[in-house]
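K.L.:
Here you go, final31.cif (mmCIF, C-alpha atoms):
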```
data_query
loop_
_atom_site.label_atom_id
_atom_site.label_comp_id
_atom_site.auth_asym_id
_atom_site.auth_seq_id
_atom_site.Cartn_x
_atom_site.Cartn_y
_atom_site.Cartn_z
CA MET A 147 29.95 11.93 -13.32
CA PRO A 148 27.05 9.68 -12.20
CA LYS A 149 23.84 10.30 -14.11
CA PHE A 150 20.62 8.44 -13.44
CA ILE A 151 16.94 8.98 -14.15
CA GLN A 152 13.93 8.48 -11.89
CA LEU A 153 10.61 7.45 -13.43
CA THR A 154 7.67 6.70 -11.20
CA ASP A 155 4.07 5.51 -10.97
CA VAL A 156 3.69 3.98 -14.42
CA HIS A 157 0.40 2.26 -13.47
CA LEU A 158 0.46 -0.05 -16.49
CA MET A 159 -2.70 -1.93 -17.39
CA PRO A 160 -2.96 -5.11 -19.48
CA PRO A 161 -2.41 -4.43 -23.21
CA GLY A 162 -5.09 -2.27 -24.79
CA SER A 163 -6.51 -0.96 -21.51
CA SER A 164 -6.73 2.67 -20.45
CA LEU A 165 -6.66 4.26 -17.01
CA LEU A 166 -8.42 7.56 -16.25
CA ASP A 167 -8.90 8.09 -20.00
CA THR A 168 -5.15 7.82 -20.57
CA ASP A 169 -3.08 4.96 -21.94
CA PRO A 170 -0.18 4.23 -19.55
CA GLU A 171 1.62 2.25 -22.27
CA VAL A 172 1.70 5.29 -24.57
CA ARG A 173 3.11 7.53 -21.88
CA LEU A 174 5.80 5.05 -20.87
CA ARG A 175 6.89 4.56 -24.47
CA LEU A 176 7.01 8.33 -25.01
CA ALA A 177 9.12 8.76 -21.86
CA LEU A 178 11.62 6.09 -22.89
CA ARG A 179 11.87 7.45 -26.42
CA ASP A 180 12.50 10.93 -25.10
CA ILE A 181 15.22 9.57 -22.82
CA SER A 182 16.80 7.68 -25.72
CA ALA A 183 16.80 10.85 -27.82
CA HIS A 184 17.98 13.33 -25.19
CA GLN A 185 19.57 11.40 -22.29
CA PRO A 186 21.24 8.39 -23.95
CA ASP A 187 24.27 8.67 -21.66
CA ALA A 188 22.28 7.96 -18.49
CA ASP A 189 23.79 5.17 -16.41
CA TRP A 190 20.54 3.87 -14.95
CA LEU A 191 16.77 4.18 -15.11
CA ILE A 192 15.23 3.79 -11.65
CA PHE A 193 11.48 3.16 -11.43
CA THR A 194 10.19 4.05 -7.96
CA GLY A 195 7.11 1.84 -7.79
CA ASP A 196 3.51 1.39 -8.88
CA LEU A 197 4.63 -0.31 -12.06
CA ALA A 198 1.23 -1.94 -12.63
CA HIS A 199 -2.07 -0.46 -11.50
CA HIS A 200 -3.57 -3.78 -10.36
CA GLY A 201 -0.42 -5.91 -10.18
CA GLU A 202 -1.45 -8.27 -12.99
CA ALA A 203 1.03 -10.59 -14.67
CA GLU A 204 -0.16 -9.29 -18.07
CA ALA A 205 0.78 -5.73 -17.10
CA TYR A 206 4.25 -6.78 -15.91
CA ALA A 207 4.77 -8.79 -19.11
CA LEU A 208 3.85 -5.67 -21.09
CA LEU A 209 6.35 -3.68 -19.03
CA ARG A 210 9.09 -6.15 -19.85
CA ASP A 211 8.24 -5.98 -23.55
CA ILE A 212 8.27 -2.18 -23.54
CA LEU A 213 11.62 -2.02 -21.78
CA ASP A 214 13.10 -4.57 -24.18
CA GLN A 215 11.83 -2.58 -27.16
CA GLU A 216 12.42 1.00 -26.07
CA THR A 217 15.66 1.25 -24.10
CA THR A 218 19.18 -0.12 -23.86
CA ILE A 219 19.89 1.71 -20.59
CA PRO A 220 20.12 -0.59 -17.55
CA TYR A 221 17.12 -0.30 -15.27
CA ARG A 222 16.19 -1.08 -11.70
CA LEU A 223 12.53 -1.69 -10.84
CA MET A 224 10.97 -0.97 -7.46
CA ILE A 225 7.44 -1.81 -6.33
CA GLY A 226 4.67 0.28 -4.79
CA ASN A 227 1.33 -0.20 -3.10
CA HIS A 228 -0.43 -0.98 -6.40
CA ASP A 229 2.05 -3.76 -7.19
CA ASN A 230 2.08 -7.43 -6.26
CA ARG A 231 5.51 -8.55 -5.12
CA ASP A 232 5.14 -12.23 -5.99
CA THR A 233 3.66 -11.58 -9.42
CA PHE A 234 6.32 -8.99 -10.15
CA ARG A 235 9.09 -11.40 -9.21
CA SER A 236 7.64 -14.14 -11.41
CA VAL A 237 7.86 -11.87 -14.47
CA PHE A 238 11.15 -10.17 -13.52
CA PRO A 239 13.24 -12.89 -11.87
CA ASP A 240 16.39 -11.02 -12.93
CA GLN A 241 15.60 -7.99 -10.75
CA PRO A 242 17.52 -8.26 -7.47
CA VAL A 243 15.87 -8.95 -4.11
CA ASP A 244 17.28 -9.25 -0.60
CA GLU A 245 17.65 -12.46 1.41
CA ASN A 246 14.04 -12.15 2.62
CA GLY A 247 12.55 -11.68 -0.84
CA PHE A 248 12.01 -7.93 -0.55
CA VAL A 249 12.66 -5.98 -3.74
CA GLN A 250 15.67 -4.12 -2.35
CA SER A 251 19.08 -3.59 -3.92
CA VAL A 252 22.06 -1.30 -4.33
CA ILE A 253 23.92 0.29 -7.21
CA ASP A 254 27.53 1.20 -6.51
CA TYR A 255 29.60 3.92 -8.09
CA ASP A 256 33.17 4.63 -7.01
CA SER A 257 31.97 7.96 -5.62
CA CYS A 258 28.58 7.04 -4.10
CA ARG A 259 26.00 4.32 -3.45
CA LEU A 260 22.34 4.17 -4.49
CA ILE A 261 19.97 2.12 -2.30
CA MET A 262 16.49 1.06 -3.43
CA LEU A 263 13.99 0.11 -0.68
CA ASP A 264 10.83 -2.00 -0.66
CA THR A 265 8.13 -0.25 1.41
CA ILE A 266 5.00 -2.20 0.49
CA GLU A 267 2.83 -4.31 2.76
CA HIS A 268 0.32 -6.36 0.79
CA GLY A 269 -3.26 -5.41 1.47
CA LYS A 270 -2.33 -1.89 2.58
CA HIS A 271 -1.80 1.34 0.70
CA SER A 272 0.41 2.80 3.44
CA GLY A 273 4.16 2.16 3.46
CA HIS A 274 6.05 -0.04 5.93
CA MET A 275 9.68 -0.75 6.86
CA ASP A 276 9.72 -3.67 9.28
CA ALA A 277 12.68 -4.81 11.36
CA ALA A 278 14.10 -7.05 8.62
CA ARG A 279 14.06 -4.30 6.01
CA LEU A 280 15.49 -1.75 8.39
CA ALA A 281 18.30 -4.13 9.39
CA TRP A 282 19.10 -4.71 5.71
CA LEU A 283 19.24 -0.94 5.15
CA GLU A 284 21.50 -0.43 8.16
CA ARG A 285 23.96 -3.00 6.81
CA ARG A 286 23.98 -1.42 3.35
CA LEU A 287 24.62 1.99 4.87
CA ALA A 288 27.52 0.60 6.92
CA GLU A 289 29.05 -0.93 3.78
CA ALA A 290 29.04 2.48 2.10
CA SER A 291 31.48 3.75 4.73
CA ASP A 292 31.90 7.48 4.16
CA ARG A 293 30.63 7.49 0.56
CA PRO A 294 27.56 9.64 -0.12
CA VAL A 295 24.33 7.63 -0.28
CA TYR A 296 21.19 8.25 -2.36
CA LEU A 297 18.00 6.54 -1.17
CA PHE A 298 14.94 5.55 -3.22
CA PHE A 299 11.53 4.72 -1.71
CA HIS A 300 7.99 4.48 -2.98
CA HIS A 301 6.32 5.94 0.14
CA PRO A 302 7.51 9.14 1.83
CA PRO A 303 7.80 8.88 5.64
CA PHE A 304 6.48 12.40 6.29
CA ARG A 305 3.41 14.53 5.68
CA ILE A 306 3.25 16.73 2.57
CA GLY A 307 0.13 18.68 3.52
CA MET A 308 -2.26 16.68 1.31
CA ASN A 309 -4.36 14.61 3.70
CA GLY A 310 -5.44 12.04 1.15
CA VAL A 311 -1.81 11.13 0.50
CA ASP A 312 -0.60 11.70 4.06
CA ASN A 313 -3.04 9.04 5.28
CA ILE A 314 -1.18 6.43 3.23
CA ARG A 315 2.40 7.58 3.79
CA MET A 316 5.10 5.36 5.31
CA VAL A 317 4.20 4.77 8.95
CA ASP A 318 7.60 3.63 10.29
CA ASP A 319 9.14 7.09 10.16
CA GLU A 320 10.82 7.14 13.58
CA ALA A 321 12.41 3.71 13.13
CA LEU A 322 13.64 4.70 9.68
CA LEU A 323 15.11 7.95 10.98
CA THR A 324 17.02 6.08 13.68
CA VAL A 325 18.71 3.97 10.99
CA LEU A 326 19.41 6.95 8.72
CA LYS A 327 21.20 8.73 11.54
CA THR A 328 23.84 5.98 11.51
CA HIS A 329 25.24 7.22 8.20
CA PRO A 330 26.96 10.61 7.98
CA ALA A 331 26.44 11.32 4.29
CA ILE A 332 22.93 10.66 3.04
CA ARG A 333 22.87 13.10 0.16
CA HIS A 334 19.33 12.84 -1.23
CA MET A 335 16.10 10.84 -1.00
CA TYR A 336 13.73 10.12 -3.92
CA PHE A 337 10.08 9.12 -3.59
CA GLY A 338 7.18 8.02 -5.77
CA HIS A 339 3.55 7.53 -4.65
CA VAL A 340 2.58 11.20 -4.50
CA HIS A 341 2.19 12.00 -8.23
CA ARG A 342 3.39 15.58 -7.71
CA PRO A 343 6.67 17.49 -8.16
CA ILE A 344 7.81 18.28 -4.61
CA ALA A 345 11.19 19.22 -3.18
CA GLY A 346 12.31 19.94 0.36
CA SER A 347 14.05 18.13 3.19
CA TRP A 348 13.30 15.74 6.01
CA HIS A 349 15.40 16.09 9.15
CA GLY A 350 17.93 17.97 7.06
CA ILE A 351 18.11 15.39 4.26
CA PRO A 352 17.20 16.82 0.83
CA MET A 353 14.38 15.02 -0.96
CA SER A 354 12.38 15.18 -4.17
CA MET A 355 9.35 13.63 -5.84
CA CYS A 356 8.07 13.97 -9.40
CA TYR A 357 4.90 13.60 -11.42
CA GLY A 358 3.81 10.07 -12.22
CA LEU A 359 3.85 8.92 -15.82
CA ASN A 360 0.13 8.29 -16.26
CA HIS A 361 -1.89 10.61 -14.02
CA GLN A 362 -1.31 13.22 -11.34
CA ALA A 363 -2.68 14.22 -7.96
CA ALA A 364 -4.39 17.59 -7.84
CA LEU A 365 -2.87 20.05 -5.37
CA ASN A 366 -5.42 19.74 -2.59
CA LEU A 367 -3.80 21.08 0.57
CA GLY A 368 -5.56 20.39 3.83
CA ASP A 369 -8.44 18.46 2.25
CA SER A 370 -9.01 14.80 3.09
CA ARG A 371 -10.36 14.07 -0.37
CA HIS A 372 -7.86 12.81 -2.93
CA ARG A 373 -8.36 13.94 -6.51
CA ASP A 374 -6.51 12.48 -9.48
CA ARG A 375 -6.26 14.28 -12.79
CA VAL A 376 -4.74 13.78 -16.20
CA GLY A 377 -1.92 16.22 -16.75
CA PRO A 378 1.79 16.61 -17.39
CA ALA A 379 4.17 13.70 -17.02
CA GLU A 380 7.86 13.91 -16.29
CA TYR A 381 11.03 12.11 -15.38
CA ALA A 382 13.83 13.39 -13.14
CA VAL A 383 17.48 13.45 -14.21
CA THR A 384 20.12 13.51 -11.47
CA LEU A 385 23.67 14.71 -12.12
CA ILE A 386 26.28 14.18 -9.42
CA ASP A 387 29.55 16.12 -9.58
CA GLY A 388 31.58 15.83 -6.41
CA PRO A 389 29.74 17.78 -3.71
CA SER A 390 27.02 18.86 -6.14
CA THR A 391 23.74 16.99 -6.65
CA VAL A 392 21.40 18.48 -9.27
CA VAL A 393 17.93 17.08 -10.08
CA HIS A 394 16.28 18.21 -13.34
CA PHE A 395 12.54 17.61 -13.83
CA HIS A 396 11.65 17.16 -17.49
CA ASP A 397 8.05 17.26 -18.76
CA PHE A 398 8.64 15.09 -21.80
CA LEU A 399 5.14 15.42 -23.28
CA TYR A 400 5.90 18.98 -24.46
CA LEU A 401 2.35 20.15 -23.90
CA TYR A 402 3.25 23.75 -24.75
CA PRO A 403 5.15 25.40 -27.63
CA GLU A 404 8.88 25.87 -27.14
CA ILE A 405 10.16 29.45 -26.88
CA VAL A 406 13.43 30.03 -28.73
CA THR A 407 15.56 32.75 -27.13
CA PRO A 408 18.65 33.72 -29.13
CA GLY A 409 21.31 35.51 -27.16
CA MET A 410 21.12 33.38 -24.04
CA ASP A 411 24.69 32.31 -24.83
CA GLY A 412 25.82 35.83 -23.90
CA SER A 413 25.84 37.27 -27.43
CA GLY A 414 23.03 39.68 -26.58
CA GLY A 415 19.56 40.12 -28.01
CA PHE A 416 16.63 38.47 -26.27
CA LYS A 417 14.06 38.28 -29.03
CA ARG A 418 11.77 35.39 -28.22
CA THR A 419 10.02 33.44 -30.93
CA MET A 420 7.68 30.47 -30.77
CA ARG A 421 8.93 27.31 -32.38
CA THR A 422 6.12 25.60 -34.24
CA GLY A 423 5.61 21.87 -34.27
CA ALA A 424 6.96 21.45 -30.75
CA VAL A 425 4.07 19.36 -29.50
CA PRO A 426 4.35 15.65 -30.44
CA SER A 427 1.41 13.40 -31.07
CA GLN A 428 0.25 11.56 -27.96
CA ALA A 429 -1.31 8.80 -30.00
CA MET A 430 0.14 5.32 -29.70
CA PRO A 431 3.74 5.51 -31.03
CA GLU A 432 4.59 3.01 -33.72
CA ASN A 433 6.91 0.20 -32.66
#
```
So that I can check it, write out the structure of this file as C-alpha cells.
P.N.:
Amino acid sequence: MPKFIQLTDVHLMPPGSSLLDTDPEVRLRLALRDISAHQPDADWLIFTGDLAHHGEAEAYALLRDILDQETTIPYRLMIGNHDNRDTFRSVFPDQPVDENGFVQSVIDYDSCRLIMLDTIEHGKHSGHMDAARLAWLERRLAEASDRPVYLFFHHPPFRIGMNGVDNIRMVDDEALLTVLKTHPAIRHMYFGHVHRPIAGSWHGIPMSMCYGLNHQAALNLGDSRHRDRVGPAEYAVTLIDGPSTVVHFHDFLYLYPEIVTPGMDGSGGFKRTMRTGAVPSQAMPEN
C-alpha cells in the first residue's frame, strides 16, 4: 500500500535565525523526528515548496544537513515562490529536474503515479505553468496510461476565499485544466503556499492543503489583508489502498494534552483521562 507524507512551507532561514519569533529549523527537526518515531514505514517525504524563506544558499545547505541527520526516508523537494531555483539546484544537484531545468519529476508505483510540478516564476509571488511545463505534464499524464495520478503543486489554481492568498494563486488555471482533462484518473491534488488545512475539490478533483511547518495564515475570509500567525504545525500522511485514498493531518507539536479513552476498542467503558507529559519541549532538539 503506497504511503507518503506531505510537508510544506518550511521557510528555513540561515543557521541561528528566527522567523516571526519561531525557529524554522526547530520545527523541521521536530517534524522529521516525529515521522521517524511514528511513520517510519513511509515510502517518501514530499516537500511542496517554500523550502527557504529568502532562497539563500546557507538555508538550503542547512536543509540538506537536517535531512541527512534526521531521516532515512527518501525525499523529493519542490520549490515555491520564496525559493530561488538556481540556488536550490546548486545545493541539491541530485534532485531531479525536467529537460528545461524546472524542478519537476515523477515517482512511480505499480498502482499509481505521483507528479511534482514547478509553479514558480522568479520575481513573482503568483504561480505560473507556461507552455513548456504544461507540455511536460501532459506527457507524464499520457505515460501513466490508466493508472491513478496524484499531483503536487505549490500554488493552487483556484480561489480559497482569502483575498490575500487568492491574489497570488496560480494564474494559468484554464490552461492547466485543459491538460488535466486529458487523463481519466487524477485521484488527488496537494498544494502548499496557503499555510492552512483545507480540503475540497476543483472541477471534481479532490484536493487538500495543510499547515506550513513554521507559521500559519490566519483565517481571514473576504479580507484583502493577509495575516500570518504562529500556531500549530502539521504534516499530511496519505494511505492508498486500491480505490481508497485517505489523507491524515497530524499536528506533531502536540500543543494540547492527550486524552486517553479506554474502551474505544469495543470493550466498553468510555472513561476519559488526561495523559500528563504529552507536550514536548519546543526548544532546539539536541542533535
K.L.:
Applying 7 Å and only C-alpha atoms, which residues near His228 (chain A) remain after dropping the ones on its own chain fewer than 2 positions away? List them as a PyMOL selection string.
P.N.:
chain A and resi 196+198-201+226+230
K.L.:
Tell me which of A:Gln152, A:Met355, A:Leu280, A:Ala382 sits closest to Asn246 (chain A), counting only C-alpha atoms.
P.N.:
A:Leu280
K.L.:
I need the residue nearest Gly307 (chain A) from this list: A:Glu204, A:Asp369, A:Asp292, A:Asp276. Use all atoms listed in the file for the distance.
P.N.:
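Of all the options, A:Asp369 lies closest to Gly307 (chain A).
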K.L.:
Mind checking which residues fall within 10 Å of region 348-354 of chain A, counting all atoms listed in the file, ignoring those fewer than 3 positions away in the same chain, and posting them as a count of residues only?
P.N.:
26
K.L.:
Pick out the closest residue to Asp232 (chain A) from this set: A:Ile181, A:Met316, A:Leu365, A:Val249. Count all atoms listed in the file.
P.N.:
A:Val249
